Amino acid sequence: DEIDAVTAFKIGLFQCLAIIPGTSRSGSTIIGGMLAGCSRVAAAEFTFFLAIPVMLGWGLLKAVKFLLAGMVMTSTEIVVLVVGIVTAFVVSVLSIKFLMGYIKKNDFAAFGWYRIVVGVVVLGYFGVKALGIRRPFSALSLPGVLCPKYRFAPIFPNVRRRAFVKVLRGGKPCNFARNASVST
């Protein structure tokens, strides 16, 4: 009730800030709504409603591109797509319900601190990378703990992603099962 056409337009302008990589669409529209004079709850509700045309437009654009490319879907793929859409809808409704309850009782300080901490970590990571330091996080590795034949080995044996599994010298993956009992 407290959002008129002019306020909605102002909030929409703040949504345009989401074009900037790393900018939260919902965060920018909530802040825009609050700066335009809306209450925290009204701005958050409007933000969630504002997401509907964006997501529908994106989905429609993807479907048109898919069809124009001449691709077809099997019946199994259609079922999987429908199940995914229904699941995403149910989870989003539950998430919005939870977040609206949280916003009515609390402010946005936790979200702000989260964004600041993640921003500092990301800037630190890319700053170290830009300086050309090859092993900025070698403190996470203990020499020879799991793979004594290599200089640095990850201390997280259950994480098998390239960043942790590839050893820094030689670039070959470590066989954790074979070397787990070896100590130095």
# chains A, B, ... in the order shown; residues from 1 in each chain; ligands from 1
$ closest_atom_pairs --of "segment 95-126 of chain A" --to "segment 13-32 of chain A" --cutoff "10 Å" --atoms "only C-alpha atoms" --output "CSV"
residue,atom,partner,partner_atom,distance
A:Phe108,CA,A:Gly27,CA,9.7
A:Phe111,CA,A:Gly27,CA,9.1
A:Gly112,CA,A:Gly27,CA,9.5
A:Arg115,CA,A:Ser24,CA,9.7
A:Gly119,CA,A:Gly22,CA,9.2
$ write_last_selection --atoms "N, CA and C atoms" --output "PDB file, in the first residue's frame"
ATOM      1  N   PHE A 108      18.994  -5.654   8.920  1.00  0.00           N
ATOM      2  CA  PHE A 108      19.845  -6.237   7.887  1.00  0.00           C
ATOM      3  C   PHE A 108      21.321  -6.282   8.276  1.00  0.00           C
ATOM      4  N   PHE A 111      23.245  -9.481   7.263  1.00  0.00           N
ATOM      5  CA  PHE A 111      23.504  -9.534   5.818  1.00  0.00           C
ATOM      6  C   PHE A 111      24.622  -8.573   5.431  1.00  0.00           C
ATOM      7  N   GLY A 112      24.625  -7.400   6.049  1.00  0.00           N
ATOM      8  CA  GLY A 112      25.671  -6.422   5.769  1.00  0.00           C
ATOM      9  C   GLY A 112      27.048  -6.919   6.172  1.00  0.00           C
ATOM     10  N   ARG A 115      28.251  -9.623   3.776  1.00  0.00           N
ATOM     11  CA  ARG A 115      28.746  -9.073   2.510  1.00  0.00           C
ATOM     12  C   ARG A 115      30.117  -8.427   2.690  1.00  0.00           C
ATOM     13  N   GLY A 119      33.349  -9.834   0.887  1.00  0.00           N
ATOM     14  CA  GLY A 119      34.026  -8.873   0.020  1.00  0.00           C
ATOM     15  C   GLY A 119      35.504  -8.731   0.348  1.00  0.00           C
TER      16      GLY A 119
END
$ atom_distance --atom1 "atom CA of Met34 of chain A" --atom2 "atom CA of Phe49 of chain A"
15.7 Å
$ atom_distance --atom1 "atom CA of Gly33 of chain A" --atom2 "atom CA of Tyr114 of chain A"
20.7 Å
$ atom_distance --atom1 "atom CA of Val6 of chain A" --atom2 "atom CA of Gly37 of chain A"
11.4 Å
$ decode --residues "segment 34-71 of chain A" --atoms "N, CA and C atoms" --output "PDB file, in the first residue's frame"
ATOM      1  N   MET A  34      14.158   1.411   0.793  1.00  0.00           N
ATOM      2  CA  MET A  34      14.297   2.096   2.077  1.00  0.00           C
ATOM      3  C   MET A  34      14.717   3.553   1.874  1.00  0.00           C
ATOM      4  N   LEU A  35      15.595   3.809   0.900  1.00  0.00           N
ATOM      5  CA  LEU A  35      15.991   5.187   0.607  1.00  0.00           C
ATOM      6  C   LEU A  35      14.835   5.994   0.013  1.00  0.00           C
ATOM      7  N   ALA A  36      13.905   5.298  -0.649  1.00  0.00           N
ATOM      8  CA  ALA A  36      12.740   5.970  -1.225  1.00  0.00           C
ATOM      9  C   ALA A  36      11.640   6.193  -0.190  1.00  0.00           C
ATOM     10  N   GLY A  37      11.875   5.743   1.039  1.00  0.00           N
ATOM     11  CA  GLY A  37      10.921   6.011   2.108  1.00  0.00           C
ATOM     12  C   GLY A  37      10.052   4.841   2.519  1.00  0.00           C
ATOM     13  N   CYS A  38      10.273   3.670   1.992  1.00  0.00           N
ATOM     14  CA  CYS A  38       9.469   2.500   2.361  1.00  0.00           C
ATOM     15  C   CYS A  38       9.997   1.887   3.657  1.00  0.00           C
ATOM     16  N   SER A  39       9.123   1.164   4.334  1.00  0.00           N
ATOM     17  CA  SER A  39       9.571   0.426   5.507  1.00  0.00           C
ATOM     18  C   SER A  39      10.410  -0.765   5.052  1.00  0.00           C
ATOM     19  N   ARG A  40      11.146  -1.320   5.980  1.00  0.00           N
ATOM     20  CA  ARG A  40      12.006  -2.471   5.680  1.00  0.00           C
ATOM     21  C   ARG A  40      11.186  -3.638   5.142  1.00  0.00           C
ATOM     22  N   VAL A  41      10.055  -3.916   5.751  1.00  0.00           N
ATOM     23  CA  VAL A  41       9.217  -5.042   5.345  1.00  0.00           C
ATOM     24  C   VAL A  41       8.603  -4.799   3.968  1.00  0.00           C
ATOM     25  N   ALA A  42       8.097  -3.585   3.737  1.00  0.00           N
ATOM     26  CA  ALA A  42       7.483  -3.271   2.433  1.00  0.00           C
ATOM     27  C   ALA A  42       8.523  -3.338   1.319  1.00  0.00           C
ATOM     28  N   ALA A  43       9.735  -2.836   1.591  1.00  0.00           N
ATOM     29  CA  ALA A  43      10.791  -2.885   0.582  1.00  0.00           C
ATOM     30  C   ALA A  43      11.178  -4.323   0.263  1.00  0.00           C
ATOM     31  N   ALA A  44      11.255  -5.163   1.276  1.00  0.00           N
ATOM     32  CA  ALA A  44      11.607  -6.572   1.045  1.00  0.00           C
ATOM     33  C   ALA A  44      10.499  -7.299   0.281  1.00  0.00           C
ATOM     34  N   GLU A  45       9.242  -7.067   0.659  1.00  0.00           N
ATOM     35  CA  GLU A  45       8.139  -7.704  -0.058  1.00  0.00           C
ATOM     36  C   GLU A  45       8.122  -7.285  -1.525  1.00  0.00           C
ATOM     37  N   PHE A  46       8.290  -5.982  -1.768  1.00  0.00           N
ATOM     38  CA  PHE A  46       8.287  -5.493  -3.142  1.00  0.00           C
ATOM     39  C   PHE A  46       9.460  -6.084  -3.924  1.00  0.00           C
ATOM     40  N   THR A  47      10.590  -6.235  -3.269  1.00  0.00           N
ATOM     41  CA  THR A  47      11.762  -6.825  -3.925  1.00  0.00           C
ATOM     42  C   THR A  47      11.481  -8.249  -4.375  1.00  0.00           C
ATOM     43  N   PHE A  48      10.831  -9.025  -3.531  1.00  0.00           N
ATOM     44  CA  PHE A  48      10.525 -10.401  -3.913  1.00  0.00           C
ATOM     45  C   PHE A  48       9.512 -10.438  -5.052  1.00  0.00           C
ATOM     46  N   PHE A  49       8.532  -9.534  -5.031  1.00  0.00           N
ATOM     47  CA  PHE A  49       7.580  -9.465  -6.141  1.00  0.00           C
ATOM     48  C   PHE A  49       8.261  -8.975  -7.417  1.00  0.00           C
ATOM     49  N   LEU A  50       9.218  -8.083  -7.277  1.00  0.00           N
ATOM     50  CA  LEU A  50       9.941  -7.549  -8.414  1.00  0.00           C
ATOM     51  C   LEU A  50      10.793  -8.612  -9.106  1.00  0.00           C
ATOM     52  N   ALA A  51      11.133  -9.656  -8.389  1.00  0.00           N
ATOM     53  CA  ALA A  51      11.939 -10.735  -8.972  1.00  0.00           C
ATOM     54  C   ALA A  51      11.133 -11.585  -9.955  1.00  0.00           C
ATOM     55  N   ILE A  52       9.835 -11.623  -9.798  1.00  0.00           N
ATOM     56  CA  ILE A  52       9.001 -12.501 -10.634  1.00  0.00           C
ATOM     57  C   ILE A  52       9.124 -12.166 -12.119  1.00  0.00           C
ATOM     58  N   PRO A  53       8.923 -10.915 -12.550  1.00  0.00           N
ATOM     59  CA  PRO A  53       9.067 -10.651 -13.990  1.00  0.00           C
ATOM     60  C   PRO A  53      10.495 -10.860 -14.497  1.00  0.00           C
ATOM     61  N   VAL A  54      11.481 -10.590 -13.659  1.00  0.00           N
ATOM     62  CA  VAL A  54      12.876 -10.802 -14.072  1.00  0.00           C
ATOM     63  C   VAL A  54      13.114 -12.285 -14.350  1.00  0.00           C
ATOM     64  N   MET A  55      12.683 -13.135 -13.430  1.00  0.00           N
ATOM     65  CA  MET A  55      12.903 -14.576 -13.596  1.00  0.00           C
ATOM     66  C   MET A  55      12.065 -15.154 -14.728  1.00  0.00           C
ATOM     67  N   LEU A  56      10.825 -14.688 -14.854  1.00  0.00           N
ATOM     68  CA  LEU A  56       9.999 -15.161 -15.968  1.00  0.00           C
ATOM     69  C   LEU A  56      10.588 -14.736 -17.309  1.00  0.00           C
ATOM     70  N   GLY A  57      11.058 -13.503 -17.376  1.00  0.00           N
ATOM     71  CA  GLY A  57      11.681 -13.018 -18.608  1.00  0.00           C
ATOM     72  C   GLY A  57      12.942 -13.798 -18.961  1.00  0.00           C
ATOM     73  N   TRP A  58      13.762 -14.073 -17.955  1.00  0.00           N
ATOM     74  CA  TRP A  58      14.980 -14.848 -18.195  1.00  0.00           C
ATOM     75  C   TRP A  58      14.631 -16.257 -18.670  1.00  0.00           C
ATOM     76  N   GLY A  59      13.652 -16.884 -18.015  1.00  0.00           N
ATOM     77  CA  GLY A  59      13.253 -18.230 -18.410  1.00  0.00           C
ATOM     78  C   GLY A  59      12.678 -18.271 -19.817  1.00  0.00           C
ATOM     79  N   LEU A  60      11.868 -17.281 -20.152  1.00  0.00           N
ATOM     80  CA  LEU A  60      11.291 -17.207 -21.498  1.00  0.00           C
ATOM     81  C   LEU A  60      12.386 -16.999 -22.542  1.00  0.00           C
ATOM     82  N   LEU A  61      13.331 -16.124 -22.263  1.00  0.00           N
ATOM     83  CA  LEU A  61      14.441 -15.880 -23.188  1.00  0.00           C
ATOM     84  C   LEU A  61      15.263 -17.151 -23.411  1.00  0.00           C
ATOM     85  N   LYS A  62      15.534 -17.879 -22.337  1.00  0.00           N
ATOM     86  CA  LYS A  62      16.281 -19.137 -22.474  1.00  0.00           C
ATOM     87  C   LYS A  62      15.500 -20.155 -23.304  1.00  0.00           C
ATOM     88  N   ALA A  63      14.192 -20.233 -23.070  1.00  0.00           N
ATOM     89  CA  ALA A  63      13.369 -21.183 -23.826  1.00  0.00           C
ATOM     90  C   ALA A  63      13.347 -20.827 -25.305  1.00  0.00           C
ATOM     91  N   VAL A  64      13.219 -19.545 -25.624  1.00  0.00           N
ATOM     92  CA  VAL A  64      13.206 -19.113 -27.023  1.00  0.00           C
ATOM     93  C   VAL A  64      14.546 -19.423 -27.684  1.00  0.00           C
ATOM     94  N   LYS A  65      15.640 -19.117 -27.002  1.00  0.00           N
ATOM     95  CA  LYS A  65      16.968 -19.425 -27.550  1.00  0.00           C
ATOM     96  C   LYS A  65      17.129 -20.923 -27.765  1.00  0.00           C
ATOM     97  N   PHE A  66      16.613 -21.713 -26.848  1.00  0.00           N
ATOM     98  CA  PHE A  66      16.695 -23.168 -26.954  1.00  0.00           C
ATOM     99  C   PHE A  66      15.938 -23.655 -28.184  1.00  0.00           C
ATOM    100  N   LEU A  67      14.730 -23.133 -28.367  1.00  0.00           N
ATOM    101  CA  LEU A  67      13.909 -23.557 -29.496  1.00  0.00           C
ATOM    102  C   LEU A  67      14.463 -23.055 -30.826  1.00  0.00           C
ATOM    103  N   LEU A  68      14.975 -21.819 -30.853  1.00  0.00           N
ATOM    104  CA  LEU A  68      15.539 -21.276 -32.080  1.00  0.00           C
ATOM    105  C   LEU A  68      16.817 -22.000 -32.494  1.00  0.00           C
ATOM    106  N   ALA A  69      17.498 -22.590 -31.544  1.00  0.00           N
ATOM    107  CA  ALA A  69      18.705 -23.345 -31.863  1.00  0.00           C
ATOM    108  C   ALA A  69      18.357 -24.713 -32.447  1.00  0.00           C
ATOM    109  N   GLY A  70      17.066 -25.048 -32.497  1.00  0.00           N
ATOM    110  CA  GLY A  70      16.634 -26.314 -33.074  1.00  0.00           C
ATOM    111  C   GLY A  70      16.765 -27.502 -32.136  1.00  0.00           C
ATOM    112  N   MET A  71      16.924 -27.220 -30.860  1.00  0.00           N
ATOM    113  CA  MET A  71      17.063 -28.313 -29.897  1.00  0.00           C
ATOM    114  C   MET A  71      15.690 -28.811 -29.477  1.00  0.00           C
TER     115      MET A  71
END
